[in-house]
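S.K.: Sharing start_18.tsv, TSV, C-alpha atoms:
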chain	number	residue	atom	x	y	z
J	1	MET	CA	-12.62	6.22	-11.08
J	2	SER	CA	-12.24	2.62	-12.22
J	3	THR	CA	-10.88	1.80	-15.64
J	4	ALA	CA	-12.59	-1.59	-15.61
J	5	PRO	CA	-15.36	-2.26	-18.12
J	6	THR	CA	-18.74	-3.36	-16.86
J	7	SER	CA	-18.33	-6.82	-18.37
J	8	ILE	CA	-15.33	-8.82	-19.54
J	9	VAL	CA	-15.18	-10.32	-23.02
J	10	GLU	CA	-13.18	-13.52	-23.10
J	11	SER	CA	-10.50	-13.22	-25.76
J	12	PRO	CA	-7.05	-14.68	-26.45
J	13	LEU	CA	-5.45	-11.51	-25.08
J	14	HIS	CA	-7.65	-11.67	-21.99
J	15	ARG	CA	-6.53	-15.26	-21.36
J	16	LEU	CA	-2.89	-14.24	-21.73
J	17	ALA	CA	-3.42	-11.52	-19.14
J	18	SER	CA	-5.06	-14.09	-16.86
J	19	ASP	CA	-1.96	-16.28	-17.11
J	20	PHE	CA	0.17	-13.36	-15.92
J	21	LEU	CA	-2.18	-12.68	-13.02
J	22	LYS	CA	-1.88	-16.32	-11.93
J	23	VAL	CA	1.90	-15.91	-11.84
J	24	LEU	CA	1.54	-12.83	-9.66
J	25	ALA	CA	-0.72	-14.70	-7.27
J	26	ASN	CA	1.02	-18.06	-7.11
J	27	GLU	CA	4.71	-17.35	-7.67
J	28	ARG	CA	5.29	-13.75	-6.63
J	29	GLY	CA	2.90	-13.66	-3.68
J	30	SER	CA	1.39	-10.31	-4.67
J	31	SER	CA	-1.13	-8.80	-2.28
J	32	THR	CA	-4.87	-9.01	-2.87
J	33	HIS	CA	-4.93	-5.26	-3.47
J	34	THR	CA	-2.21	-5.49	-6.15
J	35	LEU	CA	-3.91	-8.42	-7.87
J	36	ARG	CA	-7.25	-6.64	-7.93
J	37	ALA	CA	-5.69	-3.49	-9.37
J	38	TYR	CA	-3.69	-5.34	-12.04
J	39	GLN	CA	-6.71	-7.41	-13.02
J	40	ARG	CA	-8.83	-4.30	-13.42
J	41	GLU	CA	-6.25	-2.49	-15.54
J	42	LEU	CA	-5.22	-5.42	-17.75
J	43	TYR	CA	-8.74	-6.67	-18.42
J	44	SER	CA	-9.78	-3.15	-19.38
J	45	PHE	CA	-6.79	-2.85	-21.71
J	46	THR	CA	-7.26	-6.25	-23.39
J	47	GLN	CA	-10.97	-5.63	-23.86
J	48	TRP	CA	-10.25	-2.31	-25.53
J	49	LEU	CA	-7.64	-3.95	-27.77
J	50	SER	CA	-10.01	-6.75	-28.75
J	51	ALA	CA	-12.54	-4.18	-29.92
J	52	GLN	CA	-10.06	-2.64	-32.38
J	53	PRO	CA	-10.14	-3.93	-36.00
J	54	LYS	CA	-6.40	-4.58	-35.85
J	55	PHE	CA	-6.89	-7.18	-33.13
J	56	ALA	CA	-10.24	-8.63	-34.17
J	57	ALA	CA	-9.96	-12.41	-33.99
J	58	GLY	CA	-11.92	-15.47	-33.01
J	59	ALA	CA	-11.69	-17.17	-29.65
J	60	ASP	CA	-9.30	-19.74	-31.11
J	61	ALA	CA	-6.80	-17.18	-32.44
J	62	ASN	CA	-3.16	-17.50	-31.49
J	63	PRO	CA	-2.61	-15.14	-28.50
J	64	THR	CA	1.12	-14.87	-29.26
J	65	GLU	CA	0.41	-13.60	-32.75
J	66	LEU	CA	-2.10	-11.07	-31.43
J	67	VAL	CA	0.11	-9.71	-28.68
J	68	GLN	CA	2.96	-9.24	-31.15
J	69	ARG	CA	0.73	-6.84	-33.10
J	70	ILE	CA	0.62	-4.43	-30.14
J	71	GLU	CA	2.74	-1.34	-30.81
J	72	HIS	CA	3.62	1.54	-28.54
J	73	THR	CA	1.17	3.69	-30.50
J	74	ASP	CA	-1.65	1.35	-29.43
J	75	ILE	CA	-0.74	1.76	-25.78
J	76	ARG	CA	-0.60	5.55	-26.18
J	77	ALA	CA	-3.99	5.48	-27.88
J	78	TYR	CA	-5.40	3.53	-24.95
J	79	LEU	CA	-4.04	6.10	-22.48
J	80	GLY	CA	-5.83	8.71	-24.57
J	81	VAL	CA	-9.04	6.75	-24.11
J	82	LEU	CA	-8.52	6.78	-20.34
J	83	TYR	CA	-8.10	10.56	-20.38
J	84	ALA	CA	-11.28	10.84	-22.46
J	85	ARG	CA	-13.10	8.83	-19.79
J	86	GLY	CA	-12.11	11.49	-17.29
J	87	LEU	CA	-9.30	9.64	-15.54
J	88	SER	CA	-6.46	11.58	-13.97
J	89	ARG	CA	-2.81	11.35	-14.98
J	90	ALA	CA	-2.15	9.34	-11.83
J	91	SER	CA	-4.81	6.78	-12.82
J	92	ALA	CA	-3.38	6.56	-16.33
J	93	ALA	CA	0.10	6.07	-14.85
J	94	ARG	CA	-1.20	3.18	-12.73
J	95	ALA	CA	-2.73	1.57	-15.80
J	96	LEU	CA	0.54	1.95	-17.70
J	97	ALA	CA	2.48	0.41	-14.80
J	98	ALA	CA	0.28	-2.70	-14.97
J	99	ILE	CA	0.69	-2.91	-18.74
J	100	ARG	CA	4.46	-2.56	-18.44
J	101	SER	CA	4.64	-5.38	-15.89
J	102	TRP	CA	2.58	-7.60	-18.17
J	103	PHE	CA	4.79	-6.82	-21.17
J	104	LYS	CA	7.97	-7.57	-19.20
J	105	TRP	CA	6.52	-10.98	-18.36
J	106	LEU	CA	5.50	-11.52	-21.99
J	107	ALA	CA	9.02	-10.67	-23.17
J	108	ARG	CA	10.72	-12.91	-20.58
J	109	ASN	CA	8.52	-15.83	-21.57
J	110	GLY	CA	9.08	-15.56	-25.31
J	111	TYR	CA	5.76	-14.05	-26.36
J	112	LEU	CA	7.44	-10.84	-27.51
J	113	GLU	CA	10.71	-9.98	-29.20
J	114	GLN	CA	10.38	-6.26	-28.49
J	115	ASN	CA	8.70	-4.69	-25.47
J	116	ALA	CA	6.47	-1.97	-26.91
J	117	ALA	CA	5.42	-0.77	-23.45
J	118	SER	CA	8.98	0.32	-22.70
J	119	LEU	CA	8.68	2.96	-25.42
J	120	VAL	CA	5.72	4.70	-23.74
J	121	ALA	CA	6.62	7.51	-21.37
J	122	THR	CA	4.96	7.71	-17.98
J	123	PRO	CA	2.46	10.59	-17.75
J	124	ARG	CA	4.06	13.54	-15.99
J	125	LEU	CA	2.57	13.79	-12.53
J	126	PRO	CA	2.38	16.87	-10.33
J	127	LYS	CA	4.68	16.60	-7.34
J	128	HIS	CA	2.59	16.74	-4.19
J	129	LEU	CA	4.22	16.45	-0.81
J	130	PRO	CA	1.96	14.60	1.63
J	131	ARG	CA	0.49	16.90	4.23
J	132	VAL	CA	1.83	15.58	7.50
J	133	PRO	CA	0.74	16.64	11.00
J	134	SER	CA	3.50	18.10	13.15
J	135	ILE	CA	5.20	16.16	15.94
J	136	GLU	CA	3.21	18.17	18.49
J	137	GLN	CA	-0.07	17.42	16.71
J	138	MET	CA	0.67	13.71	16.52
J	139	ASN	CA	1.62	13.52	20.19
J	140	MET	CA	-1.58	15.35	21.11
J	141	VAL	CA	-3.75	13.01	19.04
J	142	VAL	CA	-2.18	9.77	20.26
J	143	ASP	CA	-2.10	10.86	23.90
J	144	SER	CA	-5.73	11.99	23.97
J	145	VAL	CA	-7.64	9.05	22.49
J	146	GLY	CA	-10.82	8.87	24.56
J	147	GLU	CA	-14.44	7.80	24.41
J	148	ASP	CA	-15.41	11.03	22.66
J	149	ALA	CA	-13.42	9.97	19.61
J	150	ALA	CA	-13.10	6.16	19.86
J	151	SER	CA	-15.52	3.27	20.31
J	152	TRP	CA	-12.76	1.25	22.02
J	153	PRO	CA	-10.16	3.74	23.29
J	154	ALA	CA	-7.55	1.21	24.45
J	155	ARG	CA	-7.58	-0.62	21.12
J	156	ASP	CA	-7.70	2.52	19.02
J	157	ARG	CA	-4.82	4.15	20.87
J	158	ALA	CA	-2.73	1.01	20.33
J	159	ILE	CA	-3.60	1.23	16.63
J	160	LEU	CA	-2.36	4.82	16.43
J	161	GLU	CA	0.77	3.94	18.40
J	162	LEU	CA	1.69	1.25	15.88
J	163	LEU	CA	0.79	3.22	12.75
J	164	TYR	CA	2.71	6.29	13.88
J	165	GLY	CA	5.23	4.74	16.30
J	166	CYS	CA	6.29	1.94	13.95
J	167	GLY	CA	5.41	3.37	10.53
J	168	ILE	CA	3.66	0.23	9.36
J	169	ARG	CA	1.10	0.02	6.58
J	170	ASN	CA	-2.61	-0.40	7.25
J	171	ALA	CA	-2.60	-3.90	5.71
J	172	GLU	CA	0.42	-4.84	7.82
J	173	LEU	CA	-1.37	-3.64	10.95
J	174	VAL	CA	-4.52	-5.69	10.43
J	175	GLY	CA	-2.40	-8.72	9.52
J	176	LEU	CA	-0.65	-8.74	12.91
J	177	ASN	CA	-1.13	-11.75	15.17
J	178	LEU	CA	-0.47	-11.96	18.88
J	179	ASP	CA	2.65	-14.04	18.45
J	180	ASP	CA	4.14	-11.45	16.09
J	181	ILE	CA	4.96	-9.33	19.13
J	182	HIS	CA	8.38	-10.35	20.43
J	183	TRP	CA	8.28	-8.83	23.87
J	184	ALA	CA	11.73	-10.04	24.93
J	185	ASN	CA	13.38	-8.45	21.89
J	186	GLU	CA	11.18	-5.35	21.95
J	187	ALA	CA	10.30	-5.88	18.29
J	188	ILE	CA	7.36	-6.73	16.07
J	189	LEU	CA	7.44	-9.07	13.07
J	190	ILE	CA	5.86	-7.32	10.09
J	191	ARG	CA	4.71	-9.12	6.96
J	192	GLY	CA	5.04	-6.60	4.17
J	193	LYS	CA	4.40	-6.50	0.45
J	194	GLY	CA	5.35	-9.55	-1.60
J	195	GLN	CA	5.43	-11.73	1.55
J	196	LYS	CA	8.59	-9.96	2.70
J	197	GLN	CA	9.16	-9.88	6.43
J	198	ARG	CA	10.97	-7.37	8.60
J	199	TYR	CA	11.27	-6.53	12.29
J	200	VAL	CA	10.50	-3.05	13.58
J	201	PRO	CA	11.30	-1.76	17.08
J	202	LEU	CA	8.50	-1.76	19.62
J	203	GLY	CA	8.80	1.50	21.54
J	204	ASP	CA	7.88	1.88	25.19
J	205	ALA	CA	4.74	3.92	24.47
J	206	ALA	CA	3.49	1.41	21.91
J	207	ALA	CA	4.26	-1.53	24.20
J	208	GLN	CA	2.38	0.09	27.08
J	209	SER	CA	-0.65	0.77	24.89
J	210	ILE	CA	-0.69	-2.77	23.52
J	211	ARG	CA	-0.54	-4.28	27.01
J	212	ALA	CA	-3.44	-2.11	28.15
J	213	TYR	CA	-5.47	-3.15	25.12
J	214	LEU	CA	-4.64	-6.85	25.48
J	215	GLY	CA	-6.05	-6.86	29.02
J	216	GLU	CA	-9.38	-5.52	27.73
J	217	ARG	CA	-9.27	-7.85	24.73
J	218	GLU	CA	-8.84	-10.87	26.98
J	219	ALA	CA	-11.74	-9.76	29.19
J	220	LYS	CA	-13.98	-9.28	26.15
J	221	PHE	CA	-13.26	-12.80	24.89
J	222	ALA	CA	-13.86	-14.24	28.36
J	223	ALA	CA	-17.19	-12.40	28.65
J	224	ALA	CA	-18.22	-13.91	25.34
J	225	GLY	CA	-17.40	-17.39	26.69
J	226	LEU	CA	-14.58	-17.95	24.23
J	227	THR	CA	-11.48	-19.97	24.97
J	228	ALA	CA	-7.93	-18.65	24.82
J	229	LYS	CA	-7.39	-20.70	21.67
J	230	ALA	CA	-10.23	-18.93	19.89
J	231	ALA	CA	-8.78	-15.59	20.89
J	232	LYS	CA	-5.22	-16.38	19.89
J	233	ALA	CA	-4.67	-15.22	16.32
J	234	ALA	CA	-5.61	-11.67	15.38
J	235	LEU	CA	-4.08	-8.85	17.40
J	236	PHE	CA	-6.70	-6.23	16.58
J	237	VAL	CA	-10.31	-7.39	16.66
J	238	ASN	CA	-13.62	-5.65	16.07
J	239	LEU	CA	-15.76	-4.42	18.95
J	240	GLN	CA	-18.56	-6.98	18.55
J	241	LEU	CA	-16.19	-9.89	17.78
J	242	ARG	CA	-18.03	-10.43	14.52
J	243	GLY	CA	-16.75	-13.27	12.40
J	244	LEU	CA	-15.76	-15.65	15.19
J	245	GLY	CA	-18.71	-17.91	14.41
J	246	LYS	CA	-17.53	-18.45	10.85
J	247	PRO	CA	-15.01	-21.16	9.84
J	248	GLY	CA	-11.55	-19.69	10.31
J	249	GLY	CA	-13.00	-16.42	11.57
J	250	ASP	CA	-10.95	-14.47	14.12
J	251	ALA	CA	-12.88	-11.16	14.33
J	252	ARG	CA	-9.91	-9.41	12.73
J	253	LEU	CA	-10.30	-5.71	11.96
J	254	THR	CA	-10.38	-4.76	8.27
J	255	THR	CA	-8.29	-2.03	6.67
J	256	ARG	CA	-11.50	-0.11	6.00
J	257	SER	CA	-12.40	-0.18	9.69
J	258	VAL	CA	-8.93	1.07	10.65
J	259	GLY	CA	-9.33	3.89	8.14
J	260	ARG	CA	-12.60	4.95	9.75
J	261	ILE	CA	-11.05	4.77	13.23
J	262	VAL	CA	-8.11	6.97	12.28
J	263	LYS	CA	-10.24	9.52	10.42
J	264	ARG	CA	-12.75	9.85	13.26
J	265	ILE	CA	-10.07	10.45	15.88
J	266	ALA	CA	-8.24	12.92	13.61
J	267	ILE	CA	-11.35	14.97	12.93
J	268	VAL	CA	-12.43	15.07	16.58
J	269	ARG	CA	-8.93	16.27	17.52
J	270	GLY	CA	-8.96	19.03	14.94
J	271	LEU	CA	-6.77	17.54	12.22
J	272	SER	CA	-7.55	17.62	8.52
J	273	ALA	CA	-10.39	15.42	7.29
J	274	ASP	CA	-8.04	13.82	4.74
J	275	VAL	CA	-5.93	12.14	7.44
J	276	HIS	CA	-5.84	8.36	6.93
J	277	PRO	CA	-3.61	5.49	8.14
J	278	HIS	CA	-0.97	6.17	5.49
J	279	THR	CA	-0.73	9.76	6.71
J	280	LEU	CA	0.64	8.38	9.98
J	281	ARG	CA	3.21	6.36	8.01
J	282	HIS	CA	4.26	9.56	6.21
J	283	ALA	CA	4.49	11.29	9.58
J	284	PHE	CA	6.67	8.48	10.96
J	285	GLY	CA	9.25	8.86	8.18
J	286	THR	CA	9.12	12.64	8.08
J	287	HIS	CA	9.53	13.09	11.82
J	288	LEU	CA	12.40	10.60	12.00
J	289	LEU	CA	14.18	12.54	9.27
J	290	GLU	CA	13.49	15.86	10.99
J	291	GLU	CA	15.09	14.51	14.16
J	292	GLY	CA	18.24	13.44	12.33
J	293	ALA	CA	17.64	9.78	11.42
J	294	ASP	CA	19.57	8.36	8.48
J	295	LEU	CA	17.50	7.99	5.32
J	296	ARG	CA	18.62	4.40	4.77
J	297	ALA	CA	17.62	3.46	8.31
J	298	ILE	CA	14.19	4.94	7.62
J	299	GLN	CA	14.08	2.90	4.42
J	300	GLU	CA	14.62	-0.31	6.39
J	301	LEU	CA	12.01	0.62	9.00
J	302	LEU	CA	9.42	1.42	6.36
J	303	GLY	CA	10.23	-1.72	4.37
J	304	HIS	CA	10.90	0.12	1.11
J	305	GLU	CA	12.73	-1.70	-1.66
J	306	ARG	CA	14.08	1.53	-3.16
J	307	LEU	CA	15.52	4.57	-1.43
J	308	SER	CA	13.70	6.81	-3.91
J	309	THR	CA	10.40	5.62	-2.46
J	310	THR	CA	11.53	6.59	1.02
J	311	GLN	CA	12.45	10.04	-0.23
J	312	ARG	CA	8.89	10.55	-1.47
J	313	TYR	CA	7.52	9.54	1.92
J	314	THR	CA	9.51	12.19	3.73
J	315	GLN	CA	9.60	15.95	3.53
J	316	LEU	CA	11.86	18.68	4.86
J	317	THR	CA	11.21	22.40	5.00
J	318	THR	CA	13.60	24.78	3.29
J	319	GLY	CA	14.78	25.98	6.69
J	320	GLN	CA	15.58	22.44	7.78
J	321	LEU	CA	17.50	21.81	4.57
J	322	MET	CA	19.52	24.97	5.15
J	323	GLN	CA	20.33	23.89	8.69
J	324	VAL	CA	21.55	20.50	7.45
J	325	TYR	CA	23.63	22.19	4.76
J	326	ASP	CA	25.15	24.71	7.17
J	327	ARG	CA	25.96	21.98	9.67
J	328	THR	CA	27.44	19.41	7.33
J	329	HIS	CA	28.90	20.91	4.14
J	330	PRO	CA	32.53	22.04	4.35
J	331	ARG	CA	31.95	25.00	2.00
J	332	ALA	CA	29.04	26.29	4.08
J	333	ARG	CA	31.31	27.37	6.95
How does the structure come out when it is put into structure tokens?
M.R.:
Amino acid sequence: MSTAPTSIVESPLHRLASDFLKVLANERGSSTHTLRAYQRELYSFTQWLSAQPKFAAGADANPTELVQRIEHTDIRAYLGVLYARGLSRASAARALAAIRSWFKWLARNGYLEQNAASLVATPRLPKHLPRVPSIEQMNMVVDSVGEDAASWPARDRAILELLYGCGIRNAELVGLNLDDIHWANEAILIRGKGQKQRYVPLGDAAAQSIRAYLGEREAKFAAAGLTAKAAKAALFVNLQLRGLGKPGGDARLTTRSVGRIVKRIAIVRGLSADVHPHTLRHAFGTHLLEEGADLRAIQELLGHERLSTTQRYTQLTTGQLMQVYDRTHPRAR
């Protein structure tokens, strides 16, 4: 459920939030998804504040003076409003994260002497381990992509190979270009969050699937009378090559399309209906860990800034933990 109001009232606080969003876009290189989420949360918060008598002011009011009136009790009251709207604790936590980022920026740039947002505790969230298909299930799904489950089997199998075989994000997958594949080095250049780049290994199975898909991709472009130059950029394209007629269009698949592709194949092959591209990323990290990979190596492969994030992406059964303990701890023997 969105926290965004139906219309935005321009106010001094709203303009100050807009300045922060411009910094995220222009200086920090935040993704479109992050910008959209932060805009939704901050505009909702500033509109709620502007409706409170404490912050009532004309359009020409000093935004610095207004923002200095915000106390931690105001932020807690706003979270209470979100709960009253029916939002979950996770949604409230996301709103608070956006507010905290904004307040850090305000403090660094001299708008605030004390960061009130730092005094507000994050809503306690239930700890849910992601449900991850087993290694056998994943091998079965990837190896059996056919016309009964895929509109373009060669392409869709290559998509699964990269999501599961390389552990990349959906947005990273659709952002891949042909020249990001470094065949000689058996690696793929990935552009991650915040414009950070990393290389991930290109396994034999993934390489074989990509080569099979590229042959069909080339034939499809040729049948459409398109030159090699027109076909150069996007690695994964849509079935009808929609978008090539538009300026700068390259028929690139969208993240939504990839989500539909993954879900359809998963359901046809008997997996849970809640499987999505990120499930395959969870499976990548979990299965590496199960097979003995070092957690920090998994962190690098997944492109996580913090090891704690990697730990949330992976899961071990109690039996596996006991085996690791028995094998490695000196007091266990």
S.K.: Between atom CA of J:Ala223 and atom CA of J:Leu239, what is the distance, to one decimal in Å?
M.R.: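 Atom CA of J:Leu239 lies at a distance of 12.6 Å from atom CA of J:Ala223.
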S.K.: What does the structure give for the distance between atom CA of J:Leu226 and atom CA of J:Leu241, in Å to one decimal?
M.R.: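 Pair atom CA of J:Leu226 / atom CA of J:Leu241 returns 10.4 Å.
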S.K.: Show me a table, sorted first by chain and then by increasing residue number, of the residues of stretch 97-195 of chain J having an atom at most 8 Å from stretch 288-312 of chain J, each with its shortest atom pair and the distance in Å to one decimal, counting only C-alpha atoms and written as a Markdown table.
M.R.:
| residue | atom | partner | partner_atom | distance |
| --- | --- | --- | --- | --- |
| J:Leu129 | CA | J:Arg312 | CA | 7.6 |
| J:Cys166 | CA | J:Leu301 | CA | 7.7 |
| J:Gly167 | CA | J:Leu302 | CA | 6.1 |
| J:Ile168 | CA | J:Leu302 | CA | 6.6 |
| J:Gly192 | CA | J:Gly303 | CA | 7.1 |
S.K.: From the list J:Val145, J:Ala184, J:Val23, J:Ala116, which residue is nearest J:Ala266 when using only C-alpha atoms?
M.R.: J:Val145
S.K.: Taking only C-alpha atoms into account, which of J:Arg242, J:His276, J:Arg94, J:Arg155 comes nearest J:Thr255?
M.R.: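 The closest residue to J:Thr255 is J:His276.
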S.K.: Identify which of the residues J:Gly110, J:Gly215, J:Gly86, J:Gly259 lies closest to J:Arg169, counting all atoms listed in the file when measuring atom-to-atom distances.
M.R.: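 Closest to J:Arg169, using all atoms listed in the file: J:Gly259.
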S.K.: Grab the atom CA of J:Val141 to atom CA of J:His287 distance for me, in Å with one decimal place.
M.R.: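 Taking atom CA of J:Val141 and atom CA of J:His287, their separation equals 15.1 Å.
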S.K.: Give me the residues near J:Pro133 as an MDAnalysis selection string, where near means some atom within 12 Å (using all atoms listed in the file) and where sequence neighbours in that chain fewer than 6 positions away do not count.
M.R.: chainID J and resid 139:142 164 266 269:276 278:287 315
S.K.: Using all atoms listed in the file, pick whichever of J:Leu173, J:Ala93, J:Ala121, J:Leu21 has the shortest atom-to-atom distance to J:Gln39.
M.R.: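 Ranking J:Leu173, J:Ala93, J:Ala121, J:Leu21 by distance to J:Gln39, first place goes to J:Leu21.
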S.K.: Nearest residue to J:Val258 out of J:Asp326, J:Glu172, J:Glu65, J:Glu216, using all atoms listed in the file?
M.R.: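 Closest to J:Val258 of all the choices is J:Glu172.
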S.K.: Choose the residue, out of J:Phe45, J:Phe236, J:Tyr111, J:Trp102, that has the smallest atom-to-atom separation from J:Lys22; count all atoms listed in the file.
M.R.: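 Residue with the minimum atom-to-atom distance to J:Lys22: J:Trp102.
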